[in-house]
file entry_25.txt (compact mmCIF, C-alpha atoms)
# COMPACT_ATOMS: atom_id res chain seq x y z
CA MET X 1 14.32 -7.51 -1.83
CA ALA X 2 16.32 -4.32 -1.88
CA GLN X 3 19.27 -2.91 -0.03
CA VAL X 4 18.80 -0.06 2.44
CA SER X 5 21.51 1.90 4.24
CA MET X 6 21.13 4.48 6.97
CA THR X 7 22.89 5.69 10.09
CA VAL X 8 21.37 4.40 13.32
CA ASN X 9 22.60 5.83 16.62
CA GLY X 10 25.68 7.16 14.88
CA LYS X 11 26.68 3.87 13.28
CA PRO X 12 26.17 2.73 9.70
CA ALA X 13 23.36 0.19 9.35
CA SER X 14 22.27 -1.63 6.24
CA GLY X 15 20.29 -4.68 5.27
CA GLU X 16 18.16 -6.50 2.75
CA ILE X 17 14.53 -5.50 3.05
CA GLU X 18 11.21 -5.91 1.29
CA GLY X 19 9.37 -2.85 0.06
CA ARG X 20 6.77 -3.38 2.78
CA THR X 21 9.34 -3.57 5.60
CA LEU X 22 8.45 -0.94 8.15
CA LEU X 23 11.19 1.12 9.73
CA VAL X 24 10.28 -0.30 13.14
CA ASP X 25 10.66 -3.85 11.85
CA PHE X 26 14.03 -3.06 10.32
CA ILE X 27 15.16 -1.57 13.64
CA ARG X 28 13.86 -4.46 15.73
CA GLU X 29 14.35 -7.48 13.47
CA ASN X 30 17.38 -6.58 11.35
CA LEU X 31 19.31 -4.48 13.84
CA ASN X 32 18.05 -6.25 17.00
CA LEU X 33 17.40 -2.89 18.65
CA THR X 34 14.29 -3.95 20.54
CA GLY X 35 13.97 -0.86 22.72
CA THR X 36 11.67 0.64 20.09
CA HIS X 37 8.30 -0.92 20.85
CA VAL X 38 5.29 -1.76 18.73
CA GLY X 39 2.22 -1.06 20.79
CA CYS X 40 -0.67 -0.62 18.40
CA ASP X 41 0.84 -0.78 14.90
CA THR X 42 -1.79 1.78 13.85
CA SER X 43 0.15 5.01 14.63
CA GLN X 44 -2.02 5.78 17.64
CA CYS X 45 0.12 4.88 20.66
CA GLY X 46 3.58 6.33 20.02
CA ALA X 47 5.58 3.47 21.60
CA CYS X 48 7.55 3.24 18.33
CA VAL X 49 8.63 6.89 18.13
CA VAL X 50 12.20 7.35 16.88
CA HIS X 51 13.99 10.36 15.42
CA VAL X 52 14.60 10.48 11.68
CA ASP X 53 16.90 13.34 10.73
CA GLY X 54 16.13 14.85 14.12
CA LYS X 55 12.35 14.67 13.86
CA ALA X 56 10.07 12.44 15.92
CA VAL X 57 8.22 9.96 13.72
CA LYS X 58 6.21 6.83 14.31
CA ALA X 59 8.46 4.04 13.03
CA CYS X 60 5.42 1.79 12.51
CA THR X 61 4.10 4.22 9.90
CA MET X 62 7.15 4.73 7.73
CA PHE X 63 8.83 2.27 5.41
CA ALA X 64 12.45 1.37 6.02
CA ALA X 65 13.19 2.19 2.38
CA GLU X 66 12.16 5.79 3.03
CA ALA X 67 14.91 6.13 5.64
CA GLU X 68 17.59 5.51 3.02
CA GLY X 69 20.51 7.76 3.88
CA ALA X 70 18.80 9.15 6.98
CA GLU X 71 20.15 9.67 10.48
CA VAL X 72 17.99 7.59 12.80
CA THR X 73 18.13 7.75 16.59
CA THR X 74 16.41 5.15 18.76
CA ILE X 75 16.12 4.89 22.54
CA GLU X 76 19.36 2.88 22.51
CA GLY X 77 21.15 5.95 21.20
CA MET X 78 20.05 8.29 24.01
CA ALA X 79 22.39 7.31 26.85
CA ALA X 80 26.12 8.04 26.67
CA ASP X 81 28.52 5.26 25.72
CA ASP X 82 29.45 4.76 29.38
CA GLY X 83 25.79 4.22 30.27
CA THR X 84 25.16 7.68 31.72
CA LEU X 85 21.49 8.42 31.09
CA ASN X 86 20.41 11.31 28.92
CA PRO X 87 18.80 14.10 31.04
CA VAL X 88 15.30 13.09 29.89
CA GLN X 89 15.90 9.46 30.81
CA GLN X 90 17.38 10.47 34.16
CA ALA X 91 14.39 12.68 34.89
CA PHE X 92 11.99 9.83 34.13
CA GLN X 93 13.90 7.74 36.69
CA ASP X 94 14.11 10.51 39.28
CA HIS X 95 10.44 11.43 39.04
CA HIS X 96 8.98 7.95 38.57
CA GLY X 97 7.79 8.78 35.07
CA LEU X 98 7.08 5.17 34.27
CA GLN X 99 5.45 2.11 35.68
CA CYS X 100 5.42 -0.85 33.29
CA GLY X 101 7.81 0.95 30.95
CA PHE X 102 6.30 -0.18 27.66
CA CYS X 103 5.49 3.33 26.42
CA THR X 104 8.66 4.84 27.90
CA PRO X 105 10.97 4.60 24.87
CA GLY X 106 8.42 6.51 22.78
CA MET X 107 7.78 8.97 25.61
CA VAL X 108 11.50 9.71 25.97
CA MET X 109 11.96 10.13 22.22
CA SER X 110 8.94 12.45 21.93
CA ALA X 111 10.00 14.41 25.01
CA SER X 112 13.52 14.95 23.71
CA ALA X 113 12.14 16.06 20.32
CA LEU X 114 9.91 18.55 22.15
CA LEU X 115 12.80 19.92 24.21
CA ALA X 116 14.93 20.28 21.08
CA GLU X 117 12.38 22.64 19.56
CA ASN X 118 11.01 24.16 22.78
CA PRO X 119 13.63 24.06 25.58
CA LYS X 120 11.30 25.37 28.33
CA PRO X 121 7.81 24.07 27.55
CA SER X 122 4.87 24.76 29.81
CA GLU X 123 2.90 21.91 31.31
CA ALA X 124 0.15 22.52 28.73
CA GLU X 125 2.66 22.45 25.87
CA ILE X 126 4.08 19.15 27.15
CA ARG X 127 0.63 17.58 27.39
CA ASP X 128 -0.21 18.84 23.93
CA TYR X 129 3.00 17.47 22.45
CA LEU X 130 2.39 14.05 24.02
CA GLU X 131 -1.00 13.78 22.29
CA GLY X 132 0.31 10.92 20.17
CA ASN X 133 1.92 8.97 23.02
CA ILE X 134 -0.37 6.79 25.07
CA CYS X 135 0.48 5.54 28.57
CA ARG X 136 -1.94 3.22 30.35
CA CYS X 137 -0.19 3.14 33.74
CA THR X 138 0.89 6.50 35.01
CA GLY X 139 -1.94 8.86 34.28
CA TYR X 140 0.77 11.05 32.70
CA HIS X 141 1.37 13.28 35.74
CA ASN X 142 4.86 12.04 36.51
CA ILE X 143 5.78 11.90 32.83
CA VAL X 144 4.90 15.57 32.52
CA LYS X 145 6.74 16.31 35.75
CA ALA X 146 9.83 14.46 34.52
CA ILE X 147 9.87 16.43 31.27
CA LEU X 148 9.47 19.72 33.16
CA ALA X 149 12.39 18.68 35.34
CA ALA X 150 14.50 17.60 32.37
CA SER X 151 14.00 21.08 30.92
CA GLY X 152 15.52 22.56 34.07
CA GLN X 153 12.26 23.88 35.50
CA ASP X 154 11.43 23.70 39.19
CA VAL X 155 9.02 20.87 39.94
CA SER X 156 9.36 20.92 43.74
CA ASN X 157 5.88 22.39 44.17
CA ILE X 158 4.22 19.79 41.96
CA ALA X 159 2.77 17.03 44.09
CA ALA X 160 3.61 13.43 43.30
CA GLU X 161 0.45 11.78 41.97
CA MET V 1 0.45 -5.95 3.92
CA TYR V 2 0.65 -7.53 0.51
CA ALA V 3 4.13 -7.44 -0.99
CA PHE V 4 5.15 -4.51 -3.21
CA ASP V 5 8.27 -2.74 -4.36
CA ILE V 6 9.21 0.83 -3.48
CA GLU V 7 10.87 3.28 -5.83
CA ARG V 8 12.25 6.62 -4.67
CA PRO V 9 12.60 8.93 -7.69
CA GLY V 10 14.41 12.22 -7.24
CA THR V 11 12.30 14.30 -9.63
CA ILE V 12 8.62 14.72 -10.51
CA ALA V 13 9.39 13.67 -14.09
CA ASP V 14 10.86 10.37 -12.89
CA ALA V 15 7.93 9.85 -10.50
CA VAL V 16 5.40 10.39 -13.30
CA ALA V 17 7.34 7.92 -15.48
CA ALA V 18 7.44 5.36 -12.66
CA LEU V 19 3.70 5.66 -12.09
CA ALA V 20 3.00 5.27 -15.80
CA LYS V 21 4.69 1.88 -15.93
CA SER V 22 1.66 0.08 -14.48
CA ASP V 23 -1.94 0.76 -13.52
CA GLU V 24 -1.14 -1.00 -10.26
CA ASN V 25 1.50 1.54 -9.25
CA GLN V 26 0.59 4.12 -6.66
CA PRO V 27 2.23 7.27 -5.26
CA LEU V 28 3.28 7.36 -1.61
CA ALA V 29 3.41 10.77 0.08
CA GLY V 30 3.81 10.90 3.88
CA GLY V 31 2.05 7.57 4.24
CA GLN V 32 0.09 8.49 7.35
CA THR V 33 -3.12 7.29 5.73
CA LEU V 34 -1.79 5.00 3.02
CA ILE V 35 0.38 2.83 5.29
CA PRO V 36 -2.53 2.02 7.66
CA THR V 37 -4.62 1.30 4.55
CA LEU V 38 -1.95 -1.09 3.24
CA LYS V 39 -1.75 -2.80 6.63
CA GLN V 40 -5.46 -3.55 6.41
CA ARG V 41 -4.90 -5.00 2.94
CA LEU V 42 -7.29 -2.45 1.47
CA ALA V 43 -4.75 -1.64 -1.24
CA ALA V 44 -2.40 -3.86 -3.20
CA PRO V 45 -0.04 -1.77 -5.30
CA GLU V 46 2.59 -3.40 -7.48
CA THR V 47 5.05 -0.58 -6.85
CA LEU V 48 4.79 2.35 -4.46
CA VAL V 49 6.41 5.44 -5.91
CA SER V 50 7.65 7.39 -2.90
CA LEU V 51 7.55 11.15 -3.38
CA GLY V 52 9.57 11.77 -0.20
CA GLY V 53 12.88 12.21 -1.98
CA ILE V 54 11.70 14.88 -4.43
CA SER V 55 13.15 18.17 -3.19
CA GLU V 56 11.47 20.27 -5.92
CA ILE V 57 8.05 19.79 -4.26
CA GLN V 58 9.15 20.79 -0.77
CA GLY V 59 9.11 24.23 0.77
CA ILE V 60 7.00 27.37 1.10
CA CYS V 61 7.23 30.68 -0.72
CA GLN V 62 5.07 33.63 -1.76
CA ASP V 63 4.46 34.47 -5.41
CA ASP V 64 4.14 37.93 -6.98
CA ALA V 65 0.39 37.88 -6.40
CA GLY V 66 1.00 37.43 -2.66
CA ARG V 67 -0.23 33.85 -2.65
CA VAL V 68 1.35 31.42 -0.21
CA CYS V 69 2.69 28.59 -2.38
CA ILE V 70 3.33 25.31 -0.63
CA GLY V 71 5.18 22.42 -2.23
CA ALA V 72 3.03 19.28 -2.16
CA GLY V 73 5.68 17.33 -0.27
CA THR V 74 5.83 19.84 2.58
CA THR V 75 4.95 18.25 5.91
CA HIS V 76 2.23 19.55 8.21
CA ALA V 77 4.94 20.48 10.73
CA ASP V 78 6.77 22.55 8.13
CA VAL V 79 3.54 24.32 7.08
CA ALA V 80 2.77 25.02 10.74
CA ALA V 81 6.23 26.53 11.19
CA GLY V 82 6.65 28.19 7.81
CA ALA V 83 3.28 29.50 6.63
CA GLY V 84 3.31 32.52 8.92
CA ALA V 85 2.05 34.70 6.07
CA TYR V 86 -1.23 32.78 6.34
CA PRO V 87 -1.74 32.21 10.08
CA ALA V 88 -5.09 30.40 9.80
CA LEU V 89 -3.53 27.84 7.50
CA ALA V 90 -0.47 27.40 9.73
CA SER V 91 -2.79 26.88 12.67
CA LEU V 92 -4.84 24.30 10.74
CA ALA V 93 -1.65 22.37 9.92
CA ASN V 94 -0.53 22.51 13.53
CA ASN V 95 -3.67 20.72 14.72
CA ILE V 96 -3.61 17.76 12.35
CA GLY V 97 -2.99 14.43 14.07
CA ASP V 98 -0.13 14.57 16.57
CA PRO V 99 3.46 15.88 16.35
CA ALA V 100 4.95 12.66 14.93
CA VAL V 101 2.19 12.41 12.32
CA ARG V 102 2.76 16.07 11.39
CA ASN V 103 6.45 15.29 10.81
CA ARG V 104 5.53 12.79 8.06
CA GLY V 105 2.14 13.71 6.61
CA THR V 106 2.12 16.13 3.68
CA ILE V 107 -0.32 18.66 2.25
CA GLY V 108 -0.23 16.99 -1.16
CA GLY V 109 -0.96 13.58 0.30
CA SER V 110 -3.90 14.92 2.28
CA LEU V 111 -5.42 16.69 -0.71
CA ALA V 112 -4.88 13.73 -3.05
CA ASN V 113 -6.57 11.40 -0.58
CA ASN V 114 -9.44 13.82 0.13
CA ASP V 115 -10.59 12.09 3.28
CA PRO V 116 -14.09 13.43 4.10
CA SER V 117 -12.88 14.34 7.61
CA ALA V 118 -9.44 15.73 6.77
CA CYS V 119 -8.53 19.33 7.58
CA TYR V 120 -6.64 20.43 4.47
CA PRO V 121 -9.57 20.01 2.06
CA ALA V 122 -11.45 22.62 4.12
CA GLY V 123 -8.43 24.92 4.09
CA ALA V 124 -7.96 24.62 0.35
CA LEU V 125 -11.63 24.95 -0.57
CA GLY V 126 -12.25 27.69 1.98
CA SER V 127 -9.30 29.66 0.65
CA GLY V 128 -10.15 29.14 -3.00
CA ALA V 129 -6.70 27.64 -3.46
CA THR V 130 -5.25 26.39 -6.73
CA ILE V 131 -4.00 22.82 -6.87
CA VAL V 132 -1.03 22.54 -9.22
CA THR V 133 -0.11 19.15 -10.68
CA ASN V 134 2.57 17.91 -13.04
CA ALA V 135 0.07 18.52 -15.86
CA ARG V 136 -2.16 21.51 -15.00
CA GLU V 137 -3.67 23.88 -12.46
CA ILE V 138 -7.02 23.00 -10.89
CA ALA V 139 -9.21 25.42 -8.92
CA ALA V 140 -10.24 24.02 -5.55
CA ASP V 141 -13.90 24.48 -6.56
CA ASP V 142 -13.33 21.96 -9.36
CA TYR V 143 -10.91 19.71 -7.55
CA PHE V 144 -12.96 18.13 -4.74
CA GLN V 145 -15.50 15.74 -6.22
CA GLY V 146 -16.86 13.78 -3.28
CA MET V 147 -15.61 11.48 -0.54
CA PHE V 148 -12.07 10.34 -1.52
CA GLU V 149 -12.78 11.59 -5.07
CA THR V 150 -10.78 14.33 -6.77
CA ALA V 151 -10.21 15.72 -10.25
CA LEU V 152 -6.80 14.03 -10.39
CA ASP V 153 -6.27 11.63 -13.27
CA ALA V 154 -4.49 8.32 -12.78
CA GLY V 155 -0.77 8.94 -12.48
CA GLU V 156 -1.20 12.70 -11.95
CA ILE V 157 0.81 14.13 -9.06
CA ILE V 158 0.12 17.28 -7.05
CA THR V 159 3.25 19.42 -7.02
CA GLU V 160 2.14 22.63 -5.31
CA VAL V 161 -0.84 24.35 -3.71
CA LYS V 162 -1.30 28.11 -4.07
CA PHE V 163 -3.31 29.88 -1.36
CA PRO V 164 -4.57 33.44 -1.78
CA VAL V 165 -4.28 35.10 1.62
CA PRO V 166 -7.62 36.43 2.92
CA GLU V 167 -8.19 39.58 4.97
CA ALA V 168 -9.28 37.38 7.86
CA ALA V 169 -9.66 33.65 8.28
CA ASN V 170 -10.03 30.94 10.89
CA TYR V 171 -10.41 27.18 11.07
CA GLN V 172 -12.42 25.58 13.85
CA LYS V 173 -12.12 21.85 14.31
CA PHE V 174 -14.34 19.78 16.56
CA GLU V 175 -11.94 16.92 17.05
CA GLN V 176 -12.87 13.27 17.16
CA PRO V 177 -10.49 12.48 20.01
CA ALA V 178 -9.52 8.92 19.02
CA SER V 179 -8.62 9.60 15.38
CA ARG V 180 -7.88 13.34 15.75
CA PHE V 181 -9.70 13.88 12.48
CA ALA V 182 -12.43 16.50 12.38
CA LEU V 183 -15.83 15.31 13.52
CA VAL V 184 -16.74 18.64 11.95
CA GLY V 185 -14.33 21.32 10.82
CA VAL V 186 -15.20 24.72 9.34
CA PHE V 187 -12.82 27.05 7.52
CA VAL V 188 -14.01 30.62 7.10
CA ALA V 189 -12.10 33.09 4.90
CA LYS V 190 -13.04 36.73 4.31
CA PHE V 191 -11.78 38.16 1.02
CA ALA V 192 -12.41 41.59 -0.45
CA GLY V 193 -14.81 39.95 -2.90
CA GLY V 194 -16.77 37.94 -0.35
CA VAL V 195 -16.63 35.24 2.30
CA ARG V 196 -15.96 31.55 1.72
CA VAL V 197 -17.08 28.86 4.16
CA ALA V 198 -15.84 25.29 3.69
CA VAL V 199 -17.01 22.38 5.82
CA THR V 200 -15.21 19.07 6.37
CA GLY V 201 -16.12 16.00 8.40
CA ALA V 202 -19.85 16.52 8.02
CA SER V 203 -21.10 15.52 4.60
CA GLU V 204 -21.28 12.17 2.86
CA GLY V 205 -20.22 14.14 -0.20
CA GLY V 206 -16.93 15.18 1.39
CA VAL V 207 -15.81 18.77 1.83
CA PHE V 208 -18.37 21.36 0.68
CA ARG V 209 -19.07 25.09 0.68
CA TRP V 210 -21.96 26.33 2.81
CA SER V 211 -23.29 28.85 0.33
CA GLU V 212 -26.11 30.29 2.51
CA ALA V 213 -23.59 31.12 5.22
CA GLU V 214 -21.25 32.64 2.64
CA THR V 215 -24.00 34.95 1.40
CA ALA V 216 -25.00 36.00 4.90
CA LEU V 217 -21.41 36.59 6.02
CA SER V 218 -20.49 38.47 2.87
CA GLY V 219 -23.18 41.01 3.80
CA ASN V 220 -22.32 41.12 7.49
CA PHE V 221 -19.18 39.39 8.75
CA SER V 222 -20.38 38.59 12.24
CA ALA V 223 -21.67 35.49 13.99
CA SER V 224 -25.12 37.07 14.31
CA ALA V 225 -25.43 37.04 10.51
CA LEU V 226 -25.79 33.26 10.83
CA ASP V 227 -28.86 33.48 13.11
CA GLY V 228 -31.64 31.34 11.71
CA LEU V 229 -29.39 29.52 9.27
CA SER V 230 -29.04 25.77 9.53
CA LEU V 231 -28.19 22.79 7.39
CA PRO V 232 -30.43 19.74 6.94
CA ALA V 233 -29.29 16.44 8.47
CA ASP V 234 -29.94 14.69 5.15
CA GLY V 235 -26.69 13.70 3.50
CA MET V 236 -24.64 14.24 6.65
CA ILE V 237 -22.35 11.48 7.87
CA ASN V 238 -24.17 9.33 10.39
CA ASP V 239 -21.90 7.03 12.38
CA LEU V 240 -21.12 5.91 15.93
CA HIS V 241 -19.29 9.19 16.59
CA GLY V 242 -22.26 11.38 15.80
CA SER V 243 -25.60 11.45 14.02
CA GLY V 244 -26.27 13.46 10.92
CA ALA V 245 -28.40 15.90 12.93
CA TYR V 246 -25.58 16.34 15.46
CA ARG V 247 -23.08 17.08 12.71
CA ALA V 248 -25.46 19.51 10.99
CA HIS V 249 -25.82 21.36 14.29
CA LEU V 250 -22.06 21.37 14.82
CA VAL V 251 -21.51 23.01 11.42
CA GLY V 252 -23.44 26.05 12.62
CA VAL V 253 -21.62 26.13 15.94
CA MET V 254 -18.16 25.81 14.41
CA THR V 255 -18.94 28.40 11.73
CA ARG V 256 -19.95 30.92 14.39
CA ARG V 257 -16.78 30.21 16.37
CA ALA V 258 -14.64 30.59 13.26
CA VAL V 259 -16.19 33.95 12.43
CA GLU V 260 -15.70 35.18 15.99
CA ALA V 261 -12.07 34.03 16.02
CA ALA V 262 -11.16 35.26 12.52
call {"tool": "encode", "arguments": {"input": "entry_25.txt", "output": "structure tokens"}}
result
Amino acid sequence: MAQVSMTVNGKPASGEIEGRTLLVDFIRENLNLTGTHVGCDTSQCGACVVHVDGKAVKACTMFAAEAEGAEVTTIEGMAADDGTLNPVQQAFQDHHGLQCGFCTPGMVMSASALLAENPKPSEAEIRDYLEGNICRCTGYHNIVKAILAASGQDVSNIAAE
Amino acid sequence: MYAFDIERPGTIADAVAALAKSDENQPLAGGQTLIPTLKQRLAAPETLVSLGGISEIQGICQDDAGRVCIGAGTTHADVAAGAGAYPALASLANNIGDPAVRNRGTIGGSLANNDPSACYPAGALGSGATIVTNAREIAADDYFQGMFETALDAGEIITEVKFPVPEAANYQKFEQPASRFALVGVFVAKFAGGVRVAVTGASEGGVFRWSEAETALSGNFSASALDGLSLPADGMINDLHGSGAYRAHLVGVMTRRAVEAA
């Protein structure tokens, strides 16, 4: 066992971990932040995407020990302290960008990472960026629409699907 | 996963020392291949020596000879964003895996693993790159020695990769959509001294140079120079994603596309 310390959603977080402890397990089991989901555990589905030092990573394919000293943001860190949703979250609600919701934390984290590096992405750029996030309910249309809306682009002429 | 310890040295010297402590110790780069391998219990290291905290092997620069020099710990995302002096290489990096994988996976990890379907081996071999380790410099032509086999000795760590920048180059990847690895990928690079063609994803021997195509393209750098050339299906990877004959055919198709796009 070893000690690991990082900042999660702006607050210091530390714990005793094994070398093989994955970042997602540390987040879920040690910190009880269960919004980060484990869908496939093989880095295919993207339900576990979090930000490490501002970059989207799959928390199921990174060891907790490698996040020593890092700034980690999970879905729980996206809304404001008073519960006001982040613009990406609000757009997912407004545009029905989810059905069962299992993939949504990863979708929101990937989408916000995309908007941080590309504030006005095209539909094609959004679909390309979401290559590593799998949704089995929505068919992606409303997810893409929500992200376009969150970036301030007009989606009024895009049909609901 | 079997249990193991993780060490995070801050320098290459400390990493080399940590690896030398036991034959069962193993380096960990971005982990995008190694962690899935560990999950399947296909590896059982005693200690993983993480290279992620070694700043001296991160970053991109150009040397006096004009080569693009990439620290082994540089992520695919950082190569995609920072290797603008070699656009074909930046483009190759930008199509590996998905964005989250590109934020973790590194060029050194990819080359050390030498997956027969990985993109970077084609980029390095096609460019005639030099692989620099803690101990020596290895020409790409000597480095790749078959599927998952390289010239690296036990405990040797890649620190940097030096890419000469060709006059024209392009990488064409026929993607296997589930894994996002190359079903077949072809890197074509035109230098003043001739053309290099490196093929990944196709051969049971791992990445290789298609010498007949190189000769033809060195005389006439156009897709038509490849007319009549083909590779035999023997020795090509034959799996549920594609037969050996299919892959052999794809090599020709992707080479033509690469030449046209270069």
call {"tool": "residues_around", "arguments": {"input": "entry_25.txt", "residues": "X:Ala47", "least_positions_apart": "5", "cutoff": "6 Å", "atoms": "all atoms listed in the file", "output": "PyMOL selection string"}}
result
chain X and resi 37-39+103+106
call {"tool": "atom_distance", "arguments": {"input": "entry_25.txt", "atom1": "atom CA of X:Asn32", "atom2": "atom CA of X:Glu76"}}
result
10.7 Å
call {"tool": "interface_residues", "arguments": {"input": "entry_25.txt", "of": "chain V", "to": "chain X", "cutoff": "6 Å", "atoms": "all atoms listed in the file", "output": "JSON, numbers by chain"}}
result
{"V": [4, 5, 6, 98, 100]}
call {"tool": "residues_around", "arguments": {"input": "entry_25.txt", "residues": "V:Val49", "least_positions_apart": "2", "cutoff": "10 Å", "atoms": "all atoms listed in the file", "output": "PDB file with C-alpha atoms, in the frame of the given file"}}
result
ATOM      1  CA  ASP V   5       8.270  -2.740  -4.360  1.00  0.00           C
ATOM      2  CA  ILE V   6       9.210   0.830  -3.480  1.00  0.00           C
ATOM      3  CA  GLU V   7      10.870   3.280  -5.830  1.00  0.00           C
ATOM      4  CA  ARG V   8      12.250   6.620  -4.670  1.00  0.00           C
ATOM      5  CA  PRO V   9      12.600   8.930  -7.690  1.00  0.00           C
ATOM      6  CA  ASP V  14      10.860  10.370 -12.890  1.00  0.00           C
ATOM      7  CA  ALA V  15       7.930   9.850 -10.500  1.00  0.00           C
ATOM      8  CA  VAL V  16       5.400  10.390 -13.300  1.00  0.00           C
ATOM      9  CA  ALA V  17       7.340   7.920 -15.480  1.00  0.00           C
ATOM     10  CA  ALA V  18       7.440   5.360 -12.660  1.00  0.00           C
ATOM     11  CA  LEU V  19       3.700   5.660 -12.090  1.00  0.00           C
ATOM     12  CA  ASN V  25       1.500   1.540  -9.250  1.00  0.00           C
ATOM     13  CA  GLN V  26       0.590   4.120  -6.660  1.00  0.00           C
ATOM     14  CA  PRO V  27       2.230   7.270  -5.260  1.00  0.00           C
ATOM     15  CA  LEU V  28       3.280   7.360  -1.610  1.00  0.00           C
ATOM     16  CA  ALA V  29       3.410  10.770   0.080  1.00  0.00           C
ATOM     17  CA  PRO V  45      -0.040  -1.770  -5.300  1.00  0.00           C
ATOM     18  CA  GLU V  46       2.590  -3.400  -7.480  1.00  0.00           C
ATOM     19  CA  THR V  47       5.050  -0.580  -6.850  1.00  0.00           C
ATOM     20  CA  LEU V  51       7.550  11.150  -3.380  1.00  0.00           C
ATOM     21  CA  GLY V  52       9.570  11.770  -0.200  1.00  0.00           C
TER      22      GLY V  52
END
call {"tool": "residues_around", "arguments": {"input": "entry_25.txt", "residues": "X:Thr34", "least_positions_apart": "3", "cutoff": "10 Å", "atoms": "only C-alpha atoms", "output": "ChimeraX atom specification"}}
result
/X:24-25,27-29,31,37-38,74-76
call {"tool": "residues_near_point", "arguments": {"input": "entry_25.txt", "point": "(18.0, 23.8, 29.5)", "cutoff": "10 Å", "atoms": "only C-alpha atoms", "output": "short mmCIF file (atom, residue, chain, number, x, y, z; two decimals) with C-alpha atoms, in the coordinates of the input"}}
result
data_model
loop_
_atom_site.label_atom_id
_atom_site.label_comp_id
_atom_site.auth_asym_id
_atom_site.auth_seq_id
_atom_site.Cartn_x
_atom_site.Cartn_y
_atom_site.Cartn_z
CA PRO X 87 18.80 14.10 31.04
CA LEU X 115 12.80 19.92 24.21
CA ALA X 116 14.93 20.28 21.08
CA ASN X 118 11.01 24.16 22.78
CA PRO X 119 13.63 24.06 25.58
CA LYS X 120 11.30 25.37 28.33
CA ALA X 149 12.39 18.68 35.34
CA ALA X 150 14.50 17.60 32.37
CA SER X 151 14.00 21.08 30.92
CA GLY X 152 15.52 22.56 34.07
CA GLN X 153 12.26 23.88 35.50
#
call {"tool": "atom_distance", "arguments": {"input": "entry_25.txt", "atom1": "atom CA of V:Arg247", "atom2": "atom CA of V:Val184"}}
result
6.6 Å
